[in-house]
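Asks: Structure file upload_13.cif, mmCIF, C-alpha atoms, is pasted below:
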```cif
data_structure
loop_
_atom_site.group_PDB
_atom_site.id
_atom_site.type_symbol
_atom_site.label_atom_id
_atom_site.label_comp_id
_atom_site.auth_asym_id
_atom_site.auth_seq_id
_atom_site.Cartn_x
_atom_site.Cartn_y
_atom_site.Cartn_z
ATOM 1 C CA MET A 1 117.058 91.871 90.119
ATOM 2 C CA GLN A 2 115.870 95.187 91.528
ATOM 3 C CA TYR A 3 113.896 95.654 94.750
ATOM 4 C CA ALA A 4 111.775 98.302 96.425
ATOM 5 C CA LEU A 5 110.180 99.404 99.681
ATOM 6 C CA PHE A 6 106.606 100.587 100.007
ATOM 7 C CA ILE A 7 106.725 104.224 101.115
ATOM 8 C CA ARG A 8 103.015 104.947 101.519
ATOM 9 C CA PRO A 9 101.213 103.981 104.742
ATOM 10 C CA ALA A 10 99.255 101.519 102.592
ATOM 11 C CA ALA A 11 100.382 101.350 98.956
ATOM 12 C CA THR A 12 97.726 99.894 96.675
ATOM 13 C CA ILE A 13 98.715 96.720 94.822
ATOM 14 C CA TYR A 14 96.517 96.167 91.775
ATOM 15 C CA ASP A 15 95.873 92.788 90.189
ATOM 16 C CA LEU A 16 95.903 94.448 86.752
ATOM 17 C CA PRO A 17 98.073 97.163 85.191
ATOM 18 C CA GLU A 18 94.886 99.259 85.258
ATOM 19 C CA LYS A 19 93.270 100.584 88.423
ATOM 20 C CA THR A 20 89.693 99.654 87.513
ATOM 21 C CA ARG A 21 87.843 96.841 85.820
ATOM 22 C CA PRO A 22 84.293 96.565 84.415
ATOM 23 C CA GLY A 23 81.769 94.659 86.497
ATOM 24 C CA GLU A 24 79.282 92.202 85.063
ATOM 25 C CA ASP A 25 76.488 94.734 85.592
ATOM 26 C CA GLY A 26 78.387 97.511 83.838
ATOM 27 C CA GLN A 27 79.480 99.252 87.028
ATOM 28 C CA LEU A 28 83.113 100.240 87.398
ATOM 29 C CA LEU A 29 84.996 98.166 90.003
ATOM 30 C CA SER A 30 88.408 98.461 91.626
ATOM 31 C CA ALA A 31 91.279 96.236 90.468
ATOM 32 C CA ILE A 32 92.923 96.377 93.918
ATOM 33 C CA GLY A 33 94.247 93.036 95.124
ATOM 34 C CA ASP A 34 96.358 93.893 98.178
ATOM 35 C CA GLU A 35 98.161 96.665 100.037
ATOM 36 C CA GLY A 36 101.880 96.996 100.667
ATOM 37 C CA LEU A 37 102.450 98.364 104.154
ATOM 38 C CA TYR A 38 105.015 101.053 104.854
ATOM 39 C CA GLY A 39 108.619 99.872 105.008
ATOM 40 C CA GLN A 40 107.888 96.365 103.735
ATOM 41 C CA SER A 41 109.746 95.010 100.720
ATOM 42 C CA CYS A 42 109.057 93.615 97.269
ATOM 43 C CA GLN A 43 110.802 92.385 94.148
ATOM 44 C CA VAL A 44 110.598 94.628 91.107
ATOM 45 C CA VAL A 45 109.597 92.208 88.352
ATOM 46 C CA ASP A 46 109.158 94.766 85.580
ATOM 47 C CA HIS A 47 110.091 98.443 85.738
ATOM 48 C CA PRO A 48 108.966 100.324 82.599
ATOM 49 C CA ASP A 49 111.045 103.436 82.020
ATOM 50 C CA GLY A 50 109.332 106.696 82.780
ATOM 51 C CA GLU A 51 105.658 105.767 82.838
ATOM 52 C CA GLY A 52 103.232 102.993 83.604
ATOM 53 C CA MET A 53 102.832 101.022 86.793
ATOM 54 C CA VAL A 54 105.610 98.850 88.199
ATOM 55 C CA ARG A 55 105.063 95.092 88.352
ATOM 56 C CA VAL A 56 106.143 93.720 91.746
ATOM 57 C CA CYS A 57 106.002 90.633 93.934
ATOM 58 C CA THR A 58 105.821 91.166 97.698
ATOM 59 C CA PHE A 59 108.111 89.352 100.119
ATOM 60 C CA TYR A 60 105.150 87.096 101.016
ATOM 61 C CA GLY A 61 104.605 86.131 97.393
ATOM 62 C CA TYR A 62 101.742 88.378 96.221
ATOM 63 C CA PRO A 63 102.184 89.693 92.651
ATOM 64 C CA GLY A 64 100.666 92.872 91.289
ATOM 65 C CA TYR A 65 101.121 96.396 89.980
ATOM 66 C CA VAL A 66 102.013 99.508 91.986
ATOM 67 C CA ASP A 67 102.318 103.213 91.206
ATOM 68 C CA ARG A 68 106.042 103.970 90.972
ATOM 69 C CA GLU A 69 105.727 106.970 93.305
ATOM 70 C CA ASP A 70 104.639 104.531 96.041
ATOM 71 C CA LEU A 71 108.021 102.772 95.896
ATOM 72 C CA LEU A 72 111.597 103.464 96.952
ATOM 73 C CA PHE A 73 113.865 101.485 94.606
ATOM 74 C CA LEU A 74 116.868 99.628 96.055
ATOM 75 C CA THR A 75 119.615 97.319 94.910
ATOM 76 C CA GLY A 76 119.900 93.862 96.425
ATOM 77 C CA GLU A 77 122.819 95.016 98.566
ATOM 78 C CA GLN A 78 120.878 98.003 99.851
ATOM 79 C CA LEU A 79 117.846 95.870 100.694
ATOM 80 C CA ARG A 80 119.920 93.274 102.529
ATOM 81 C CA ALA A 81 121.419 96.043 104.670
ATOM 82 C CA TYR A 82 117.937 97.471 105.300
ATOM 83 C CA LEU A 83 116.459 94.099 106.344
ATOM 84 C CA SER A 84 119.400 93.256 108.597
ATOM 85 C CA ALA A 85 119.054 96.476 110.612
ATOM 86 C CA PRO A 86 117.308 96.274 114.022
ATOM 87 C CA SER A 87 113.654 97.053 113.367
ATOM 88 C CA VAL A 88 110.269 97.343 115.034
ATOM 89 C CA MET A 89 106.647 97.240 113.934
ATOM 90 C CA ALA A 90 104.063 99.978 114.265
ATOM 91 C CA ALA A 91 101.466 98.574 116.669
ATOM 92 C CA ARG A 92 98.704 101.062 115.848
ATOM 93 C CA GLU A 93 98.184 104.280 113.871
ATOM 94 C CA THR A 94 101.548 105.873 114.629
ATOM 95 C CA ASP A 95 102.659 109.459 114.130
ATOM 96 C CA LEU A 96 106.328 109.813 113.252
ATOM 97 C CA LEU A 97 107.515 113.187 114.576
ATOM 98 C CA THR A 98 110.561 115.399 114.119
ATOM 99 C CA CYS A 99 111.291 115.423 117.859
ATOM 100 C CA PRO A 100 110.190 113.554 121.004
ATOM 101 C CA LYS A 101 107.497 116.079 121.876
ATOM 102 C CA VAL A 102 103.753 115.944 121.348
ATOM 103 C CA ALA A 103 104.029 119.240 119.467
ATOM 104 C CA GLY A 104 106.689 117.849 117.120
ATOM 105 C CA VAL A 105 106.092 118.189 113.387
ATOM 106 C CA ARG A 106 104.392 115.096 111.984
ATOM 107 C CA LEU A 107 106.452 113.668 109.123
ATOM 108 C CA LEU A 108 104.179 110.713 108.409
ATOM 109 C CA THR A 109 101.464 108.586 109.980
ATOM 110 C CA VAL A 110 101.781 104.835 109.443
ATOM 111 C CA GLY A 111 99.489 101.981 110.424
ATOM 112 C CA ARG A 112 99.783 98.687 112.253
ATOM 113 C CA GLY A 113 102.195 96.315 110.530
ATOM 114 C CA SER A 114 104.495 98.998 109.122
ATOM 115 C CA ARG A 115 108.215 98.270 109.366
ATOM 116 C CA LEU A 116 110.508 100.853 110.966
ATOM 117 C CA ARG A 117 114.247 100.632 111.550
ATOM 118 C CA LEU A 118 115.640 101.687 114.888
ATOM 119 C CA ALA A 119 117.925 104.710 114.685
ATOM 120 C CA PRO A 120 121.467 104.502 116.099
ATOM 121 C CA GLU A 121 121.395 104.911 119.850
ATOM 122 C CA GLY A 122 121.633 108.423 121.188
ATOM 123 C CA GLU A 123 120.493 110.190 124.321
ATOM 124 C CA PRO A 124 117.407 108.263 125.498
ATOM 125 C CA VAL A 125 114.137 110.126 125.961
ATOM 126 C CA GLU A 126 111.620 108.597 128.343
ATOM 127 C CA GLY A 127 108.540 107.286 126.552
ATOM 128 C CA TRP A 128 109.974 107.741 123.054
ATOM 129 C CA THR A 129 111.915 105.703 120.474
ATOM 130 C CA ARG A 130 113.991 107.153 117.648
ATOM 131 C CA VAL A 131 113.378 105.400 114.332
ATOM 132 C CA LEU A 132 114.291 105.847 110.686
ATOM 133 C CA LEU A 133 111.930 106.432 107.804
ATOM 134 C CA ALA A 134 112.398 104.255 104.736
ATOM 135 C CA ASP A 135 114.545 106.951 103.126
ATOM 136 C CA GLY A 136 116.795 107.190 106.203
ATOM 137 C CA ARG A 137 115.400 110.341 107.805
ATOM 138 C CA PRO A 138 115.177 110.144 111.607
ATOM 139 C CA ALA A 139 111.862 110.428 113.418
ATOM 140 C CA TRP A 140 110.383 109.792 116.864
ATOM 141 C CA ALA A 141 107.496 107.547 117.912
ATOM 142 C CA TRP A 142 105.797 106.794 121.206
ATOM 143 C CA ASN A 143 107.094 103.592 122.804
ATOM 144 C CA GLN A 144 103.487 102.449 123.201
ATOM 145 C CA SER A 145 103.054 102.674 119.419
ATOM 146 C CA LEU A 146 105.722 100.065 118.706
ATOM 147 C CA GLU A 147 106.035 96.279 119.032
ATOM 148 C CA PRO A 148 108.857 93.843 118.275
ATOM 149 C CA LEU A 149 109.106 92.847 114.619
ATOM 150 C CA ALA A 150 108.332 89.133 114.235
ATOM 151 C CA TRP A 151 108.615 88.182 110.586
ATOM 152 C CA GLU A 152 111.299 87.588 107.973
ATOM 153 C CA GLU A 153 111.346 89.004 104.448
ATOM 154 C CA ASP A 154 114.213 86.910 103.069
ATOM 155 C CA ALA A 155 112.001 85.209 100.487
ATOM 156 C CA VAL A 156 112.031 88.473 98.519
ATOM 157 C CA PHE A 157 115.470 87.438 97.240
ATOM 158 C CA THR A 158 114.705 83.838 96.276
ATOM 159 C CA GLN A 159 111.068 83.582 95.196
ATOM 160 C CA ARG A 160 110.515 82.881 91.517
ATOM 161 C CA GLU A 161 107.405 82.275 89.471
ATOM 162 C CA GLY A 162 106.343 78.659 89.848
ATOM 163 C CA LEU A 163 108.481 78.041 92.951
ATOM 164 C CA PRO A 164 106.372 77.083 96.011
ATOM 165 C CA PHE A 165 106.573 79.870 98.571
ATOM 166 C CA ASP A 166 107.667 77.512 101.359
ATOM 167 C CA ASP A 167 110.598 76.455 99.205
ATOM 168 C CA ALA A 168 111.566 80.059 98.439
ATOM 169 C CA LEU A 169 111.577 81.124 102.083
ATOM 170 C CA ALA A 170 113.285 77.947 103.286
ATOM 171 C CA GLN A 171 115.965 78.376 100.622
ATOM 172 C CA ALA A 172 116.541 81.973 101.725
ATOM 173 C CA LEU A 173 116.854 80.941 105.375
ATOM 174 C CA GLY A 174 118.973 77.871 104.662
ATOM 175 C CA ILE A 175 116.536 75.391 106.242
ATOM 176 C CA GLN A 176 114.038 72.772 105.108
ATOM 177 C CA PRO A 177 110.442 73.841 104.324
ATOM 178 C CA ASP A 178 109.051 71.635 107.107
ATOM 179 C CA GLN A 179 111.170 73.602 109.617
ATOM 180 C CA LEU A 180 109.623 77.012 108.859
ATOM 181 C CA VAL A 181 106.814 76.895 111.426
ATOM 182 C CA GLN A 182 109.057 75.564 114.186
ATOM 183 C CA ARG A 183 111.605 78.286 113.409
ATOM 184 C CA ALA A 184 108.908 80.927 113.898
ATOM 185 C CA LEU A 185 107.763 79.327 117.151
ATOM 186 C CA ASP A 186 111.317 79.127 118.460
ATOM 187 C CA ARG A 187 112.224 82.699 117.526
ATOM 188 C CA TRP A 188 109.138 84.532 118.749
ATOM 189 C CA HIS A 189 106.945 82.241 120.869
ATOM 190 C CA GLY A 190 109.323 80.324 123.093
ATOM 191 C CA GLY A 191 108.882 77.229 120.945
ATOM 192 C CA ASN A 192 105.316 76.921 122.230
ATOM 193 C CA GLU A 193 102.381 76.159 119.930
ATOM 194 C CA GLY A 194 99.874 77.378 122.515
ATOM 195 C CA ALA A 195 101.687 80.713 122.833
ATOM 196 C CA PHE A 196 101.492 81.172 119.064
ATOM 197 C CA ARG A 197 97.777 80.349 118.990
ATOM 198 C CA ARG A 198 97.036 82.807 121.795
ATOM 199 C CA ALA A 199 99.131 85.529 120.153
ATOM 200 C CA VAL A 200 97.387 85.129 116.797
ATOM 201 C CA CYS A 201 93.944 85.421 118.397
ATOM 202 C CA GLU A 202 94.969 88.466 120.443
ATOM 203 C CA THR A 203 96.435 90.172 117.381
ATOM 204 C CA ALA A 204 93.237 89.599 115.422
ATOM 205 C CA ARG A 205 91.159 91.181 118.182
ATOM 206 C CA LYS A 206 93.122 94.427 117.733
ATOM 207 C CA TYR A 207 91.389 94.852 114.351
ATOM 208 C CA LEU A 208 87.885 94.552 115.803
ATOM 209 C CA GLY A 209 85.689 97.315 114.387
ATOM 210 C CA ALA A 210 87.930 98.128 111.407
ATOM 211 C CA GLN A 211 85.906 98.714 108.266
ATOM 212 C CA TYR A 212 85.800 96.232 105.399
ATOM 213 C CA ARG A 213 87.936 97.339 102.455
ATOM 214 C CA TRP A 214 88.289 95.262 99.303
ATOM 215 C CA GLY A 215 91.970 94.290 99.030
ATOM 216 C CA GLY A 216 92.760 96.123 102.256
ATOM 217 C CA LYS A 217 95.331 95.049 104.804
ATOM 218 C CA ALA A 218 95.862 98.141 106.964
ATOM 219 C CA GLY A 219 94.019 98.920 110.186
ATOM 220 C CA ALA A 220 92.035 101.645 108.422
ATOM 221 C CA GLY A 221 90.348 98.998 106.290
ATOM 222 C CA VAL A 222 90.920 95.292 105.768
ATOM 223 C CA ASP A 223 89.347 92.446 103.822
ATOM 224 C CA CYS A 224 88.950 88.869 105.047
ATOM 225 C CA SER A 225 92.221 87.392 103.805
ATOM 226 C CA GLY A 226 94.082 90.639 104.482
ATOM 227 C CA LEU A 227 93.103 90.318 108.134
ATOM 228 C CA VAL A 228 94.036 86.655 108.538
ATOM 229 C CA SER A 229 97.290 86.721 106.556
ATOM 230 C CA ASN A 230 98.410 89.954 108.248
ATOM 231 C CA VAL A 231 97.701 88.557 111.716
ATOM 232 C CA TYR A 232 99.763 85.463 110.924
ATOM 233 C CA MET A 233 102.580 87.581 109.468
ATOM 234 C CA GLN A 234 102.776 89.721 112.611
ATOM 235 C CA ASN A 235 103.336 86.519 114.556
ATOM 236 C CA GLY A 236 106.096 85.187 112.326
ATOM 237 C CA VAL A 237 104.328 82.898 109.835
ATOM 238 C CA LEU A 238 103.695 83.885 106.206
ATOM 239 C CA ILE A 239 100.575 82.268 104.758
ATOM 240 C CA TYR A 240 98.795 82.610 101.423
ATOM 241 C CA ARG A 241 97.258 86.076 101.020
ATOM 242 C CA ASN A 242 93.952 84.957 99.495
ATOM 243 C CA ALA A 243 91.019 82.998 100.933
ATOM 244 C CA SER A 244 92.018 79.428 100.121
ATOM 245 C CA ILE A 245 94.430 76.674 101.109
ATOM 246 C CA LYS A 246 97.166 76.575 98.482
ATOM 247 C CA PRO A 247 99.828 73.883 98.097
ATOM 248 C CA GLY A 248 103.330 75.145 98.792
ATOM 249 C CA TRP A 249 102.211 77.299 101.737
ATOM 250 C CA PRO A 250 102.142 76.415 105.458
ATOM 251 C CA VAL A 251 98.389 75.895 105.961
ATOM 252 C CA ARG A 252 97.020 72.352 105.566
ATOM 253 C CA GLU A 253 93.457 71.102 105.858
ATOM 254 C CA ILE A 254 92.231 69.303 108.992
ATOM 255 C CA PRO A 255 88.814 67.934 110.060
ATOM 256 C CA ARG A 256 86.348 70.426 111.464
ATOM 257 C CA ALA A 257 86.255 68.517 114.755
ATOM 258 C CA ALA A 258 90.011 69.098 115.175
ATOM 259 C CA MET A 259 90.019 72.899 114.922
ATOM 260 C CA GLN A 260 91.689 74.901 117.690
ATOM 261 C CA PRO A 261 92.066 78.623 118.434
ATOM 262 C CA GLY A 262 94.228 80.291 115.817
ATOM 263 C CA ASP A 263 93.228 77.937 112.995
ATOM 264 C CA THR A 264 91.714 79.273 109.781
ATOM 265 C CA LEU A 265 88.131 78.733 108.594
ATOM 266 C CA TYR A 266 87.407 78.730 104.869
ATOM 267 C CA PHE A 267 84.157 79.484 103.081
ATOM 268 C CA PRO A 268 83.563 80.152 99.364
ATOM 269 C CA GLY A 269 85.605 83.308 98.724
ATOM 270 C CA HIS A 270 86.003 84.023 102.430
ATOM 271 C CA VAL A 271 88.299 83.203 105.375
ATOM 272 C CA ALA A 272 88.029 83.726 109.146
ATOM 273 C CA LEU A 273 90.154 83.051 112.229
ATOM 274 C CA TYR A 274 88.834 80.622 114.838
ATOM 275 C CA LEU A 275 89.024 81.893 118.446
ATOM 276 C CA GLY A 276 87.705 78.862 120.319
ATOM 277 C CA GLU A 277 84.386 77.847 121.901
ATOM 278 C CA GLY A 278 82.639 78.227 118.553
ATOM 279 C CA MET A 279 83.672 81.876 118.134
ATOM 280 C CA TYR A 280 85.543 83.315 115.164
ATOM 281 C CA ILE A 281 86.642 86.753 113.989
ATOM 282 C CA HIS A 282 86.551 87.913 110.380
ATOM 283 C CA SER A 283 86.261 90.939 108.146
ATOM 284 C CA THR A 284 82.995 90.706 106.299
ATOM 285 C CA GLY A 285 81.389 92.856 103.648
ATOM 286 C CA ALA A 286 77.914 91.768 104.773
ATOM 287 C CA ALA A 287 75.590 94.767 105.043
ATOM 288 C CA ALA A 288 74.893 94.063 108.723
ATOM 289 C CA SER A 289 78.595 94.199 109.608
ATOM 290 C CA GLY A 290 80.772 95.961 107.053
ATOM 291 C CA GLY A 291 83.989 95.197 108.883
ATOM 292 C CA VAL A 292 85.790 93.108 111.475
ATOM 293 C CA VAL A 293 83.325 91.391 113.815
ATOM 294 C CA TYR A 294 82.830 88.305 115.964
ATOM 295 C CA ASN A 295 80.511 85.522 114.875
ATOM 296 C CA SER A 296 79.811 82.013 116.112
ATOM 297 C CA LEU A 297 79.408 78.477 114.799
ATOM 298 C CA ASP A 298 77.150 77.669 117.759
ATOM 299 C CA PRO A 299 73.431 77.758 116.807
ATOM 300 C CA ALA A 300 72.613 78.743 120.409
ATOM 301 C CA SER A 301 74.734 81.907 120.218
ATOM 302 C CA PRO A 302 73.195 85.295 119.325
ATOM 303 C CA LEU A 303 76.247 85.748 117.062
ATOM 304 C CA TYR A 304 75.485 82.592 115.071
ATOM 305 C CA ARG A 305 75.494 82.954 111.275
ATOM 306 C CA GLU A 306 73.751 79.953 109.797
ATOM 307 C CA ASP A 307 74.696 80.977 106.251
ATOM 308 C CA LEU A 308 78.422 80.731 107.005
ATOM 309 C CA ASP A 309 78.089 77.625 109.171
ATOM 310 C CA ARG A 310 76.438 75.791 106.262
ATOM 311 C CA LYS A 311 79.081 77.030 103.806
ATOM 312 C CA LEU A 312 82.186 76.137 105.836
ATOM 313 C CA THR A 313 84.302 74.226 103.325
ATOM 314 C CA ALA A 314 87.581 73.655 105.179
ATOM 315 C CA VAL A 315 89.519 74.214 108.382
ATOM 316 C CA GLY A 316 93.229 74.941 108.095
ATOM 317 C CA THR A 317 96.180 74.774 110.456
ATOM 318 C CA ILE A 318 99.940 75.331 110.235
ATOM 319 C CA PHE A 319 100.594 72.533 112.750
#
```
Re-express the file's structure as C-alpha cells.
Replies:
Amino acid sequence: MQYALFIRPAATIYDLPEKTRPGEDGQLLSAIGDEGLYGQSCQVVDHPDGEGMVRVCTFYGYPGYVDREDLLFLTGEQLRAYLSAPSVMAARETDLLTCPKVAGVRLLTVGRGSRLRLAPEGEPVEGWTRVLLADGRPAWAWNQSLEPLAWEEDAVFTQREGLPFDDALAQALGIQPDQLVQRALDRWHGGNEGAFRRAVCETARKYLGAQYRWGGKAGAGVDCSGLVSNVYMQNGVLIYRNASIKPGWPVREIPRAAMQPGDTLYFPGHVALYLGEGMYIHSTGAAASGGVVYNSLDPASPLYREDLDRKLTAVGTIF
C-alpha cells in the first residue's frame, strides 16, 4: 500500500475521476466532494502511471480522486515516522515564513486544520515556533497561529473498503470500537464530556462568517458537513464526512428532546451543530446567508428558520 500527504492548503477531492458533471438542467456542475487539508494523510488506492487523477481514501474514510501534483507520495514507513513526530495544527490562516520576522519570505499560507510538524528544538525566538513543511523544509509561524493537534490518523493504515470506520480506527489503535470516544475525551478533554461539548461549540464559532463552498472544508469556504466533521476532528473525534448518520461511525440517533450542546442536527441533505438554548450553527447555501451563520429552533427567536425546524429528521450524539 502506498500513502500520500496533501500538499496544497486545500486539495480538492473529487467524487468522480472528472472534475465536472452535467446538471439536470444542462448546466455544468463541480464534482468536488471534499478537501484534503495541508499535511493530512490518505491512502493511495490507485496510482495510474504518468497521467490521470489519483484515487485516494483519506484517514477519516472519505474516498475520491485528487490531482497528483496535490500529493506528496510516501511509503508506509515514511508515513508512520511523519505521524509519530510532534505536531501542531494551524489555528487560522497561517503564513509559514523563512525566518521569525514579519518581513520573512512567505513559503506558503495554510488554513485552519492543517497539520504541521514541529522542527527540532533550536534557539527559541519569542512569539514564534519553528515548524516543518510536508517536504521537510523548515519554516516559522506565529505562536498565536498554532494550536495543539488533537486527532489521530492511524486508520489510514487499516481502513479497507467495506470495513466500518470505527473498526478500522479501533484496530489501528489496538482498542475496542466502543472505547474510541472515551479515548478522545481522556487524551484531549480531561475525560470530561462537558469539556468536549464546550470545545466543539467554541471551535464551530471560529468559522462564523466563512462563505459556503460546495465540498469545502477549509476556513476560506466550507459546506455543512465539512464544517461539522472538521470541528469534531479538531477535537479528537472522527465522524462521517457527509450529512447523515451512518452505521459504523461514532454518531448515533437520539430523541430531539435529549439534544445537548455539541450534538448534530440532521435535515434532508444538511447538517448543523447544536449550541444550546435552541441555537445552532451551520454552513448554509441559502441565498440569505451563503455561509456559516447562527439560526434557532425557537419560533420566538428572530433567527428562527421554520423551514429547517419542520424538516429536522434526526439528532445525533457520540455519547
Asks: Would you please work out which residue, of A:Ile254, A:Ala150, A:Ala134, A:Cys99, is nearest to Tyr232 of chain A when using only C-alpha atoms?
Replies: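 Comparing A:Ile254, A:Ala150, A:Ala134, A:Cys99 against Tyr232 of chain A, the winner is A:Ala150.
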Asks: For Gly290 of chain A, list every protein, DNA or RNA residue within 12 Å, evaluated using only C-alpha atoms, and leave out those in the same chain fewer than 4 positions away; present the list as a list in words.
Replies: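 My reading of the contact set: Leu208, Gly209, Ala210, Gln211, Tyr212, Arg213, Trp214, Gly221, Val222, Asp223, Cys224, His282, Ser283, Thr284, Gly285, Ala286 and Tyr294 of chain A.
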Asks: Gln234 of chain A: which residues within 10 Å, counting only C-alpha atoms, same-chain residues fewer than 2 positions away excluded, as a PyMOL selection string?
Replies: chain A and resi 89+91+112-113+147-152+199-200+203-204+229-232+236-238
Asks: Would you mind listing what lies within 8 Å of Arg106 of chain A as an MDAnalysis selection string, with only C-alpha atoms counted and same-chain residues fewer than 5 positions away left out?
Replies: chainID A and resid 95:98
Asks: Written as a ChimeraX atom specification, what is the full residue list that the PyMOL selection byres ((chain A and resi 138) around 10) yields on the file shown?
Replies: /A:96-99,107,117-120,130-137,139-140
Asks: Write out as a PyMOL selection string which residues come within 12 Å of Glu51 of chain A when counting only C-alpha atoms, dropping same-chain ones fewer than 4 positions away.
Replies: chain A and resi 17+46-47+66-69
Asks: Would you compute the distance between atom CA of Pro164 of chain A and atom CA of Pro63 of chain A? Give it in Å to one decimal.
Replies: 13.7 Å
Asks: Evaluating the PyMOL selection byres ((chain A and resi 6) around 8) on the displayed file yields which residues, as a list in words?
Replies: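 With the PyMOL selection byres ((chain A and resi 6) around 8) on this model, the match is Ala4, Leu5, Ile7, Arg8, Pro9, Ala10, Ala11, Gly36, Leu37, Tyr38, Gly39, Gln40, Ser41, Cys42, Asp70, Leu71 and Leu72 of chain A.
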Asks: What do you get, as a list in words, if you spell out every residue that the PyMOL selection byres ((chain A and resi 116) around 6) selects here?
Replies: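 Taken on the displayed file, the PyMOL selection byres ((chain A and resi 116) around 6) yields the residues Ser87, Val88, Arg115 and Arg117 of chain A.
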Asks: Could you check the closest approach to Ile239 of chain A for each of A:Arg198, A:Lys311, A:Arg305, A:Arg252 and tell me which residue wins, using only C-alpha atoms?
Replies: A:Arg252
Asks: Ranking A:Gly215, A:Gly190, A:Gly23, A:Gly278 by minimum distance to Glu35 of chain A and counting all atoms listed in the file, which one comes first?
Replies: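 When distances to Glu35 of chain A are compared using all atoms listed in the file, the smallest one comes from A:Gly215.
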Asks: Just the number, please: distance in Å from atom CA of Gln179 of chain A to atom CA of Asp166 of chain A, one decimal.
Replies: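 Interatomic distance here is 9.8 Å.
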Asks: For atom CA of Pro261 of chain A and atom CA of Gly61 of chain A, quote the distance in Å rounded to one decimal.
Replies: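 According to the coordinates, atom CA of Pro261 of chain A and atom CA of Gly61 of chain A are separated by 25.6 Å.
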Asks: Taking all atoms listed in the file into account, which of A:Gly52, A:Gly111, A:Gly276, A:Pro100 comes nearest Pro124 of chain A?
Replies: A:Pro100
Asks: So for segment 143-150 of chain A, what box centre and size do we get, axis-aligned, 4 Å extra on each of the six sides, every listed atom, Å to one decimal, as lines of an AutoDock Vina configuration file?
Replies:
```
center_x = 106.1
center_y = 96.4
center_z = 118.7
size_x = 14.1
size_y = 22.5
size_z = 17.0
```
Asks: I'd like the neighbourhood of Ala195 of chain A as a PyMOL selection string, where a residue qualifies if any of its atoms comes within 12 Å (using all atoms listed in the file), though same-chain residues fewer than 3 positions away should be ignored.
Replies: chain A and resi 184-192+198-202+235+261-262
Asks: When distances are computed from all atoms listed in the file, which of A:Tyr82, A:Val228, A:Trp249, A:Gly291 shows the smallest separation from Leu273 of chain A?
Replies: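 That would be A:Val228, the residue with the smallest distance to Leu273 of chain A.
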Asks: Taking into account only C-alpha atoms, which residue in the set A:Gly248, A:Tyr207, A:Glu193, A:Arg183 is nearest to Leu163 of chain A?
Replies: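 Checking each of A:Gly248, A:Tyr207, A:Glu193, A:Arg183 against Leu163 of chain A, counting only C-alpha atoms, the winner is A:Gly248.
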